[in-house]
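Novice: This is data.cif (mmCIF, N, CA and C atoms).
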```
data_structure
loop_
_atom_site.label_atom_id
_atom_site.label_comp_id
_atom_site.auth_asym_id
_atom_site.auth_seq_id
_atom_site.Cartn_x
_atom_site.Cartn_y
_atom_site.Cartn_z
N PRO B 1 0.83 -1.22 0.00
CA PRO B 1 0.00 0.00 0.00
C PRO B 1 0.86 1.26 0.00
N GLY B 2 0.47 2.24 -0.78
CA GLY B 2 1.20 3.49 -0.85
C GLY B 2 2.34 3.48 -1.84
N HIS B 3 2.59 2.36 -2.47
CA HIS B 3 3.67 2.27 -3.44
C HIS B 3 3.10 2.07 -4.84
N ARG B 4 3.87 2.49 -5.83
CA ARG B 4 3.47 2.31 -7.23
C ARG B 4 4.67 1.84 -8.03
N LEU B 5 4.39 1.29 -9.18
CA LEU B 5 5.46 0.90 -10.10
C LEU B 5 5.77 2.06 -11.02
N LEU B 6 7.03 2.23 -11.34
CA LEU B 6 7.48 3.26 -12.26
C LEU B 6 8.24 2.58 -13.39
N ILE B 7 7.69 2.67 -14.60
CA ILE B 7 8.33 2.08 -15.77
C ILE B 7 9.39 3.04 -16.26
N LYS B 8 10.61 2.53 -16.39
CA LYS B 8 11.73 3.34 -16.85
C LYS B 8 12.04 3.10 -18.33
N ASP B 9 11.77 1.89 -18.81
CA ASP B 9 12.02 1.53 -20.21
C ASP B 9 11.13 0.35 -20.52
N ALA B 10 10.58 0.34 -21.72
CA ALA B 10 9.71 -0.77 -22.11
C ALA B 10 9.97 -1.07 -23.58
N ALA B 11 8.97 -0.88 -24.41
CA ALA B 11 9.15 -1.14 -25.85
C ALA B 11 10.21 -0.20 -26.41
N ARG B 12 11.14 -0.80 -27.18
CA ARG B 12 12.26 -0.02 -27.71
C ARG B 12 12.49 -0.39 -29.18
N PRO B 13 12.34 0.54 -30.10
CA PRO B 13 12.59 0.22 -31.51
C PRO B 13 14.06 -0.09 -31.76
N MET B 14 14.31 -0.86 -32.81
CA MET B 14 15.67 -1.25 -33.15
C MET B 14 16.56 -0.05 -33.44
N SER B 15 16.00 1.04 -33.96
CA SER B 15 16.83 2.22 -34.21
C SER B 15 17.46 2.73 -32.92
N VAL B 16 16.72 2.68 -31.84
CA VAL B 16 17.25 3.09 -30.52
C VAL B 16 18.24 2.04 -30.02
N GLN B 17 17.92 0.76 -30.22
CA GLN B 17 18.81 -0.31 -29.79
C GLN B 17 20.18 -0.19 -30.45
N ARG B 18 20.17 0.14 -31.73
CA ARG B 18 21.44 0.31 -32.45
C ARG B 18 22.26 1.45 -31.84
N ARG B 19 21.63 2.57 -31.53
CA ARG B 19 22.34 3.70 -30.92
C ARG B 19 22.88 3.32 -29.54
N MET B 20 22.06 2.62 -28.76
CA MET B 20 22.50 2.22 -27.42
C MET B 20 23.71 1.29 -27.52
N PHE B 21 23.66 0.32 -28.44
CA PHE B 21 24.76 -0.63 -28.55
C PHE B 21 26.03 0.06 -29.03
N ARG B 22 25.90 0.97 -29.97
CA ARG B 22 27.08 1.72 -30.44
C ARG B 22 27.73 2.49 -29.29
N ALA B 23 26.92 3.03 -28.39
CA ALA B 23 27.45 3.83 -27.28
C ALA B 23 28.31 3.00 -26.32
N VAL B 24 28.04 1.69 -26.21
CA VAL B 24 28.79 0.85 -25.27
C VAL B 24 29.70 -0.15 -25.96
N SER B 25 29.65 -0.21 -27.28
CA SER B 25 30.45 -1.17 -28.04
C SER B 25 31.94 -1.01 -27.70
N GLY B 26 32.60 -2.13 -27.50
CA GLY B 26 34.02 -2.11 -27.18
C GLY B 26 34.32 -1.89 -25.71
N THR B 27 33.30 -1.78 -24.86
CA THR B 27 33.50 -1.62 -23.42
C THR B 27 32.90 -2.82 -22.70
N HIS B 28 33.19 -2.93 -21.40
CA HIS B 28 32.58 -4.01 -20.61
C HIS B 28 31.07 -3.86 -20.52
N LYS B 29 30.57 -2.66 -20.76
CA LYS B 29 29.13 -2.41 -20.68
C LYS B 29 28.36 -3.04 -21.84
N ALA B 30 29.06 -3.40 -22.91
CA ALA B 30 28.40 -4.04 -24.05
C ALA B 30 27.73 -5.36 -23.65
N ASN B 31 28.21 -5.99 -22.59
CA ASN B 31 27.58 -7.23 -22.10
C ASN B 31 26.17 -7.00 -21.59
N TYR B 32 25.83 -5.76 -21.27
CA TYR B 32 24.53 -5.45 -20.70
C TYR B 32 23.52 -4.93 -21.73
N VAL B 33 23.93 -4.76 -22.96
CA VAL B 33 23.06 -4.20 -24.00
C VAL B 33 22.95 -5.22 -25.12
N ALA B 34 21.72 -5.62 -25.45
CA ALA B 34 21.51 -6.63 -26.49
C ALA B 34 22.06 -6.15 -27.83
N ASN B 35 22.81 -7.02 -28.48
CA ASN B 35 23.43 -6.69 -29.75
C ASN B 35 22.38 -6.71 -30.87
N PRO B 36 22.16 -5.58 -31.53
CA PRO B 36 21.15 -5.55 -32.60
C PRO B 36 21.51 -6.46 -33.77
N ALA B 37 22.79 -6.73 -33.99
CA ALA B 37 23.20 -7.63 -35.07
C ALA B 37 22.76 -9.07 -34.79
N ARG B 38 22.47 -9.37 -33.54
CA ARG B 38 21.97 -10.70 -33.15
C ARG B 38 20.47 -10.69 -32.88
N GLY B 39 19.80 -9.66 -33.36
CA GLY B 39 18.34 -9.59 -33.21
C GLY B 39 17.85 -8.74 -32.06
N GLY B 40 18.75 -8.14 -31.31
CA GLY B 40 18.33 -7.30 -30.19
C GLY B 40 17.83 -8.12 -29.02
N GLY B 41 16.96 -7.52 -28.24
CA GLY B 41 16.43 -8.17 -27.04
C GLY B 41 14.93 -8.07 -26.98
N LEU B 42 14.37 -8.48 -25.87
CA LEU B 42 12.92 -8.50 -25.73
C LEU B 42 12.30 -7.10 -25.66
N HIS B 43 13.08 -6.11 -25.27
CA HIS B 43 12.56 -4.73 -25.35
C HIS B 43 12.17 -4.41 -26.79
N ASN B 44 12.90 -4.96 -27.73
CA ASN B 44 12.67 -4.67 -29.15
C ASN B 44 11.41 -5.33 -29.69
N TYR B 45 10.78 -6.17 -28.89
CA TYR B 45 9.49 -6.77 -29.22
C TYR B 45 8.37 -6.18 -28.36
N GLY B 46 8.72 -5.30 -27.44
CA GLY B 46 7.73 -4.79 -26.50
C GLY B 46 7.37 -5.80 -25.44
N LEU B 47 8.27 -6.75 -25.16
CA LEU B 47 7.99 -7.84 -24.24
C LEU B 47 8.89 -7.85 -23.01
N ALA B 48 9.55 -6.73 -22.76
CA ALA B 48 10.38 -6.58 -21.56
C ALA B 48 10.13 -5.20 -20.98
N VAL B 49 10.36 -5.10 -19.70
CA VAL B 49 10.16 -3.82 -19.02
C VAL B 49 11.26 -3.64 -17.98
N ASP B 50 11.75 -2.41 -17.87
CA ASP B 50 12.65 -2.01 -16.79
C ASP B 50 11.81 -1.16 -15.85
N ILE B 51 11.78 -1.56 -14.61
CA ILE B 51 10.78 -1.01 -13.69
C ILE B 51 11.33 -0.92 -12.27
N THR B 52 10.81 0.00 -11.50
CA THR B 52 11.17 0.12 -10.10
C THR B 52 9.92 0.48 -9.30
N ILE B 53 10.09 0.69 -8.02
CA ILE B 53 8.98 1.03 -7.12
C ILE B 53 9.19 2.43 -6.59
N VAL B 54 8.10 3.21 -6.51
CA VAL B 54 8.15 4.53 -5.91
C VAL B 54 7.18 4.59 -4.73
N ASP B 55 7.47 5.49 -3.79
CA ASP B 55 6.58 5.68 -2.65
C ASP B 55 5.44 6.63 -3.04
N GLN B 56 4.60 6.98 -2.09
CA GLN B 56 3.43 7.80 -2.40
C GLN B 56 3.78 9.21 -2.83
N GLU B 57 4.99 9.67 -2.56
CA GLU B 57 5.45 10.98 -3.05
C GLU B 57 6.16 10.88 -4.39
N GLY B 58 6.27 9.66 -4.93
CA GLY B 58 6.93 9.46 -6.22
C GLY B 58 8.43 9.27 -6.13
N ARG B 59 8.97 9.11 -4.93
CA ARG B 59 10.40 8.86 -4.76
C ARG B 59 10.70 7.38 -4.93
N GLU B 60 11.75 7.10 -5.70
CA GLU B 60 12.13 5.70 -5.90
C GLU B 60 12.63 5.10 -4.60
N LEU B 61 12.21 3.87 -4.33
CA LEU B 61 12.73 3.17 -3.16
C LEU B 61 14.20 2.84 -3.41
N PRO B 62 15.00 2.83 -2.36
CA PRO B 62 16.42 2.48 -2.53
C PRO B 62 16.57 1.02 -2.94
N MET B 63 17.30 0.81 -4.02
CA MET B 63 17.51 -0.53 -4.55
C MET B 63 18.99 -0.89 -4.63
N GLY B 64 19.86 -0.02 -4.19
CA GLY B 64 21.29 -0.31 -4.21
C GLY B 64 22.01 0.23 -5.43
N THR B 65 21.31 0.32 -6.53
CA THR B 65 21.83 0.94 -7.75
C THR B 65 20.65 1.60 -8.45
N PRO B 66 20.92 2.55 -9.31
CA PRO B 66 19.82 3.05 -10.14
C PRO B 66 19.48 2.02 -11.23
N VAL B 67 18.30 2.15 -11.79
CA VAL B 67 17.94 1.36 -12.97
C VAL B 67 18.99 1.65 -14.04
N ASP B 68 19.36 0.63 -14.79
CA ASP B 68 20.33 0.69 -15.88
C ASP B 68 21.77 0.88 -15.40
N HIS B 69 22.04 0.56 -14.14
CA HIS B 69 23.43 0.53 -13.68
C HIS B 69 24.10 -0.67 -14.35
N LEU B 70 25.10 -0.42 -15.12
CA LEU B 70 25.76 -1.49 -15.89
C LEU B 70 26.99 -1.98 -15.15
N GLY B 71 26.75 -2.81 -14.15
CA GLY B 71 27.83 -3.37 -13.35
C GLY B 71 27.32 -4.48 -12.46
N PRO B 72 28.21 -5.20 -11.81
CA PRO B 72 27.82 -6.37 -11.01
C PRO B 72 26.96 -6.03 -9.80
N GLU B 73 26.94 -4.77 -9.38
CA GLU B 73 26.10 -4.37 -8.24
C GLU B 73 24.62 -4.51 -8.57
N ALA B 74 24.29 -4.62 -9.85
CA ALA B 74 22.90 -4.76 -10.28
C ALA B 74 22.44 -6.21 -10.29
N ASN B 75 23.35 -7.14 -10.03
CA ASN B 75 23.00 -8.56 -10.06
C ASN B 75 21.99 -8.91 -8.97
N ILE B 76 21.38 -10.08 -9.13
CA ILE B 76 20.51 -10.60 -8.08
C ILE B 76 21.36 -10.67 -6.80
N GLU B 77 20.78 -10.33 -5.69
CA GLU B 77 21.51 -9.75 -4.56
C GLU B 77 22.00 -10.58 -3.40
N GLU B 78 21.78 -11.85 -3.32
CA GLU B 78 22.13 -12.57 -2.10
C GLU B 78 23.57 -12.32 -1.66
N ALA B 79 24.52 -12.50 -2.55
CA ALA B 79 25.93 -12.30 -2.18
C ALA B 79 26.25 -10.82 -1.98
N LEU B 80 25.51 -9.94 -2.61
CA LEU B 80 25.80 -8.51 -2.48
C LEU B 80 25.58 -8.01 -1.06
N VAL B 81 24.58 -8.54 -0.37
CA VAL B 81 24.34 -8.14 1.02
C VAL B 81 25.47 -8.66 1.89
N ARG B 82 25.87 -9.91 1.72
CA ARG B 82 26.95 -10.49 2.52
C ARG B 82 28.24 -9.70 2.37
N ARG B 83 28.49 -9.18 1.16
CA ARG B 83 29.72 -8.42 0.90
C ARG B 83 29.57 -6.93 1.24
N GLY B 84 28.38 -6.50 1.66
CA GLY B 84 28.18 -5.10 2.02
C GLY B 84 28.01 -4.17 0.83
N VAL B 85 27.71 -4.71 -0.34
CA VAL B 85 27.54 -3.89 -1.54
C VAL B 85 26.18 -3.19 -1.52
N ILE B 86 25.14 -3.92 -1.07
CA ILE B 86 23.82 -3.32 -0.89
C ILE B 86 23.34 -3.65 0.52
N SER B 87 22.39 -2.87 1.01
CA SER B 87 21.87 -3.08 2.36
C SER B 87 20.74 -4.10 2.35
N GLU B 88 20.38 -4.56 3.52
CA GLU B 88 19.25 -5.48 3.64
C GLU B 88 17.96 -4.79 3.21
N THR B 89 17.80 -3.52 3.49
CA THR B 89 16.61 -2.78 3.04
C THR B 89 16.54 -2.75 1.52
N GLU B 90 17.66 -2.49 0.87
CA GLU B 90 17.70 -2.47 -0.59
C GLU B 90 17.37 -3.86 -1.14
N ARG B 91 17.88 -4.89 -0.51
CA ARG B 91 17.58 -6.27 -0.91
C ARG B 91 16.09 -6.54 -0.77
N GLN B 92 15.50 -6.14 0.34
CA GLN B 92 14.07 -6.37 0.55
C GLN B 92 13.22 -5.61 -0.48
N ASN B 93 13.65 -4.41 -0.84
CA ASN B 93 12.93 -3.66 -1.88
C ASN B 93 13.02 -4.37 -3.22
N ARG B 94 14.17 -4.91 -3.54
CA ARG B 94 14.33 -5.68 -4.79
C ARG B 94 13.45 -6.93 -4.76
N LEU B 95 13.42 -7.60 -3.61
CA LEU B 95 12.59 -8.81 -3.49
C LEU B 95 11.11 -8.47 -3.64
N LEU B 96 10.67 -7.35 -3.08
CA LEU B 96 9.29 -6.91 -3.24
C LEU B 96 8.95 -6.71 -4.71
N LEU B 97 9.81 -6.02 -5.42
CA LEU B 97 9.60 -5.80 -6.85
C LEU B 97 9.54 -7.14 -7.59
N ARG B 98 10.43 -8.03 -7.28
CA ARG B 98 10.46 -9.32 -7.94
C ARG B 98 9.19 -10.12 -7.65
N ARG B 99 8.71 -10.09 -6.41
CA ARG B 99 7.46 -10.80 -6.07
C ARG B 99 6.28 -10.25 -6.86
N VAL B 100 6.19 -8.93 -6.94
CA VAL B 100 5.09 -8.30 -7.67
C VAL B 100 5.14 -8.69 -9.14
N MET B 101 6.30 -8.58 -9.74
CA MET B 101 6.42 -8.83 -11.17
C MET B 101 6.27 -10.32 -11.52
N THR B 102 6.85 -11.21 -10.73
CA THR B 102 6.71 -12.64 -11.04
C THR B 102 5.28 -13.10 -10.80
N SER B 103 4.58 -12.50 -9.84
CA SER B 103 3.18 -12.88 -9.64
C SER B 103 2.31 -12.44 -10.81
N ALA B 104 2.80 -11.47 -11.60
CA ALA B 104 2.07 -11.02 -12.79
C ALA B 104 2.53 -11.78 -14.04
N GLY B 105 3.41 -12.77 -13.88
CA GLY B 105 3.81 -13.61 -14.98
C GLY B 105 5.13 -13.24 -15.65
N PHE B 106 5.84 -12.26 -15.11
CA PHE B 106 7.12 -11.86 -15.69
C PHE B 106 8.25 -12.71 -15.11
N HIS B 107 9.36 -12.72 -15.83
CA HIS B 107 10.55 -13.49 -15.42
C HIS B 107 11.72 -12.54 -15.22
N THR B 108 12.58 -12.89 -14.29
CA THR B 108 13.76 -12.06 -14.00
C THR B 108 14.95 -12.51 -14.83
N ILE B 109 15.97 -11.66 -14.84
CA ILE B 109 17.27 -12.07 -15.35
C ILE B 109 18.28 -11.85 -14.22
N ARG B 110 19.36 -12.59 -14.24
CA ARG B 110 20.31 -12.59 -13.14
C ARG B 110 21.09 -11.29 -12.98
N THR B 111 21.29 -10.55 -14.07
CA THR B 111 22.21 -9.42 -14.04
C THR B 111 21.58 -8.05 -13.84
N GLU B 112 20.25 -7.95 -13.83
CA GLU B 112 19.58 -6.65 -13.68
C GLU B 112 18.35 -6.79 -12.80
N TRP B 113 18.38 -6.25 -11.60
CA TRP B 113 17.27 -6.40 -10.67
C TRP B 113 15.99 -5.77 -11.22
N TRP B 114 16.08 -4.79 -12.10
CA TRP B 114 14.94 -4.02 -12.60
C TRP B 114 14.32 -4.58 -13.87
N HIS B 115 14.94 -5.55 -14.51
CA HIS B 115 14.52 -6.02 -15.83
C HIS B 115 13.64 -7.26 -15.71
N PHE B 116 12.50 -7.23 -16.41
CA PHE B 116 11.57 -8.35 -16.40
C PHE B 116 11.09 -8.64 -17.82
N ASP B 117 11.12 -9.93 -18.16
CA ASP B 117 10.68 -10.40 -19.47
C ASP B 117 9.32 -11.09 -19.34
N LEU B 118 8.48 -10.90 -20.36
CA LEU B 118 7.19 -11.57 -20.36
C LEU B 118 7.28 -12.97 -20.96
N VAL B 119 8.11 -13.14 -21.98
CA VAL B 119 8.32 -14.45 -22.62
C VAL B 119 9.81 -14.61 -22.88
N ASN B 120 10.21 -15.79 -23.34
CA ASN B 120 11.62 -15.96 -23.71
C ASN B 120 11.83 -15.50 -25.15
N LYS B 121 13.09 -15.40 -25.54
CA LYS B 121 13.42 -14.86 -26.86
C LYS B 121 12.91 -15.75 -27.99
N ALA B 122 12.94 -17.06 -27.81
CA ALA B 122 12.46 -17.97 -28.86
C ALA B 122 10.97 -17.75 -29.11
N LYS B 123 10.19 -17.60 -28.06
CA LYS B 123 8.75 -17.35 -28.23
C LYS B 123 8.53 -15.98 -28.86
N ALA B 124 9.30 -15.00 -28.46
CA ALA B 124 9.16 -13.66 -29.05
C ALA B 124 9.40 -13.71 -30.55
N ARG B 125 10.48 -14.37 -30.95
CA ARG B 125 10.82 -14.46 -32.38
C ARG B 125 9.75 -15.22 -33.17
N ALA B 126 9.17 -16.24 -32.56
CA ALA B 126 8.18 -17.07 -33.25
C ALA B 126 6.81 -16.41 -33.33
N SER B 127 6.48 -15.58 -32.35
CA SER B 127 5.10 -15.09 -32.24
C SER B 127 4.90 -13.59 -32.40
N PHE B 128 5.98 -12.82 -32.39
CA PHE B 128 5.84 -11.37 -32.40
C PHE B 128 6.79 -10.72 -33.42
N ARG B 129 6.48 -9.50 -33.81
CA ARG B 129 7.35 -8.74 -34.70
C ARG B 129 8.20 -7.79 -33.89
N ARG B 130 9.46 -7.63 -34.32
CA ARG B 130 10.34 -6.63 -33.70
C ARG B 130 9.86 -5.24 -34.09
N LEU B 131 10.08 -4.30 -33.19
CA LEU B 131 9.79 -2.90 -33.47
C LEU B 131 10.99 -2.35 -34.21
N ASP B 132 10.85 -2.10 -35.48
CA ASP B 132 11.99 -1.69 -36.28
C ASP B 132 11.63 -0.45 -37.11
N PHE B 133 11.76 0.69 -36.48
CA PHE B 133 11.49 1.96 -37.19
C PHE B 133 12.48 3.00 -36.73
#
```
Rewrite the structure of this file - the entire thing - as structure tokens.
Specialist:
Amino acid sequence: PGHRLLIKDAARPMSVQRRMFRAVSGTHKANYVANPARGGGLHNYGLAVDITIVDQEGRELPMGTPVDHLGPEANIEEALVRRGVISETERQNRLLLRRVMTSAGFHTIRTEWWHFDLVNKAKARASFRRLDF
């Protein structure tokens, strides 16, 4: 109660995906951005969402990193608390988000606490068109 979801990124056309990948190409951050030459990612089908939780004043709950933090601190968090990288409160906020999203049928990925997929890539390719404009 008193909290809402805040969508930070959702459907993303391939033209944007190409620009994003070019910006990180050749860096360690390229591992976090789907390669458009390999078909992009589920955002490019409108089947993924980057999301967080805000309080009743619209302030984002502390999650240990901002959405789109491209580093290991964004990983699923069990070891991060033990190592002091994120707090137990931040872990609990991430778990709350994950419970809400998985109860709605979304799936997590290991490297980004904020990213949720509705289907896998094989189903997306077989059943949906990429957003390519």
Novice: Between atom C of Gly71 of chain B and atom C of Val33 of chain B, what is the distance in Å, rounded to a tenth?
Specialist: 13.4 Å
Novice: Once DSSP has gone over the backbone, tell me which residues of chain B are in strand (DSSP E or B), as a PyMOL selection string.
Specialist: chain B and resi 4-9+48-54+60+107-109+112-117
Novice: Do a neighbour search on Arg94 of chain B at 7 Å with all atoms listed in the file, toss out local chain neighbours closer than 3 positions, and write the hits as a PyMOL selection string.
Specialist: chain B and resi 62-63+89-91+97-99+113
Novice: My list of candidates is B:Tyr45, B:Glu60, B:Trp114, B:Asn120. Which is closest to Glu73 of chain B when distances are computed with only C-alpha atoms?
Specialist: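 That would be B:Trp114, the residue with the smallest distance to Glu73 of chain B.
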Novice: Could you name the residues that touch Arg18 of chain B at 8 Å or less, counting all atoms listed in the file, but leaving out those on the same chain fewer than 2 positions away, as number ranges by chain?
Specialist: B: 13-16, 20-23, 34-37, 40
Novice: Would you mind completing segment 31-47 of chain B to N, CA, C and O atoms and writing the output as an mmCIF file, in the coordinates of the input?
Specialist:
```cif
data_model
loop_
_atom_site.group_PDB
_atom_site.id
_atom_site.type_symbol
_atom_site.label_atom_id
_atom_site.label_comp_id
_atom_site.auth_asym_id
_atom_site.auth_seq_id
_atom_site.Cartn_x
_atom_site.Cartn_y
_atom_site.Cartn_z
ATOM 1 N N ASN B 31 28.210 -5.990 -22.590
ATOM 2 C CA ASN B 31 27.580 -7.230 -22.100
ATOM 3 C C ASN B 31 26.170 -7.000 -21.590
ATOM 4 O O ASN B 31 25.401 -7.950 -21.474
ATOM 5 N N TYR B 32 25.830 -5.760 -21.270
ATOM 6 C CA TYR B 32 24.530 -5.450 -20.700
ATOM 7 C C TYR B 32 23.520 -4.930 -21.730
ATOM 8 O O TYR B 32 22.375 -4.667 -21.379
ATOM 9 N N VAL B 33 23.930 -4.760 -22.960
ATOM 10 C CA VAL B 33 23.060 -4.200 -24.000
ATOM 11 C C VAL B 33 22.950 -5.220 -25.120
ATOM 12 O O VAL B 33 23.964 -5.642 -25.680
ATOM 13 N N ALA B 34 21.720 -5.620 -25.450
ATOM 14 C CA ALA B 34 21.510 -6.630 -26.490
ATOM 15 C C ALA B 34 22.060 -6.150 -27.830
ATOM 16 O O ALA B 34 21.816 -5.012 -28.242
ATOM 17 N N ASN B 35 22.810 -7.020 -28.480
ATOM 18 C CA ASN B 35 23.430 -6.690 -29.750
ATOM 19 C C ASN B 35 22.380 -6.710 -30.870
ATOM 20 O O ASN B 35 21.758 -7.736 -31.116
ATOM 21 N N PRO B 36 22.160 -5.580 -31.530
ATOM 22 C CA PRO B 36 21.150 -5.550 -32.600
ATOM 23 C C PRO B 36 21.510 -6.460 -33.770
ATOM 24 O O PRO B 36 20.621 -6.960 -34.461
ATOM 25 N N ALA B 37 22.790 -6.730 -33.990
ATOM 26 C CA ALA B 37 23.200 -7.630 -35.070
ATOM 27 C C ALA B 37 22.760 -9.070 -34.790
ATOM 28 O O ALA B 37 22.664 -9.881 -35.714
ATOM 29 N N ARG B 38 22.470 -9.370 -33.540
ATOM 30 C CA ARG B 38 21.970 -10.700 -33.150
ATOM 31 C C ARG B 38 20.470 -10.690 -32.880
ATOM 32 O O ARG B 38 19.953 -11.574 -32.210
ATOM 33 N N GLY B 39 19.800 -9.660 -33.360
ATOM 34 C CA GLY B 39 18.340 -9.590 -33.210
ATOM 35 C C GLY B 39 17.850 -8.740 -32.060
ATOM 36 O O GLY B 39 16.648 -8.639 -31.838
ATOM 37 N N GLY B 40 18.750 -8.140 -31.310
ATOM 38 C CA GLY B 40 18.330 -7.300 -30.190
ATOM 39 C C GLY B 40 17.830 -8.120 -29.020
ATOM 40 O O GLY B 40 18.206 -9.271 -28.846
ATOM 41 N N GLY B 41 16.960 -7.520 -28.240
ATOM 42 C CA GLY B 41 16.430 -8.170 -27.040
ATOM 43 C C GLY B 41 14.930 -8.070 -26.980
ATOM 44 O O GLY B 41 14.267 -7.601 -27.919
ATOM 45 N N LEU B 42 14.370 -8.480 -25.870
ATOM 46 C CA LEU B 42 12.920 -8.500 -25.730
ATOM 47 C C LEU B 42 12.300 -7.100 -25.660
ATOM 48 O O LEU B 42 11.128 -6.940 -25.976
ATOM 49 N N HIS B 43 13.080 -6.110 -25.270
ATOM 50 C CA HIS B 43 12.560 -4.730 -25.350
ATOM 51 C C HIS B 43 12.170 -4.410 -26.790
ATOM 52 O O HIS B 43 11.220 -3.671 -27.027
ATOM 53 N N ASN B 44 12.900 -4.960 -27.730
ATOM 54 C CA ASN B 44 12.670 -4.670 -29.150
ATOM 55 C C ASN B 44 11.410 -5.330 -29.690
ATOM 56 O O ASN B 44 11.001 -5.056 -30.816
ATOM 57 N N TYR B 45 10.780 -6.170 -28.890
ATOM 58 C CA TYR B 45 9.490 -6.770 -29.220
ATOM 59 C C TYR B 45 8.370 -6.180 -28.360
ATOM 60 O O TYR B 45 7.217 -6.579 -28.497
ATOM 61 N N GLY B 46 8.720 -5.300 -27.440
ATOM 62 C CA GLY B 46 7.730 -4.790 -26.500
ATOM 63 C C GLY B 46 7.370 -5.800 -25.440
ATOM 64 O O GLY B 46 6.284 -5.725 -24.856
ATOM 65 N N LEU B 47 8.270 -6.750 -25.160
ATOM 66 C CA LEU B 47 7.990 -7.840 -24.240
ATOM 67 C C LEU B 47 8.890 -7.850 -23.010
ATOM 68 O O LEU B 47 8.980 -8.841 -22.305
#
```
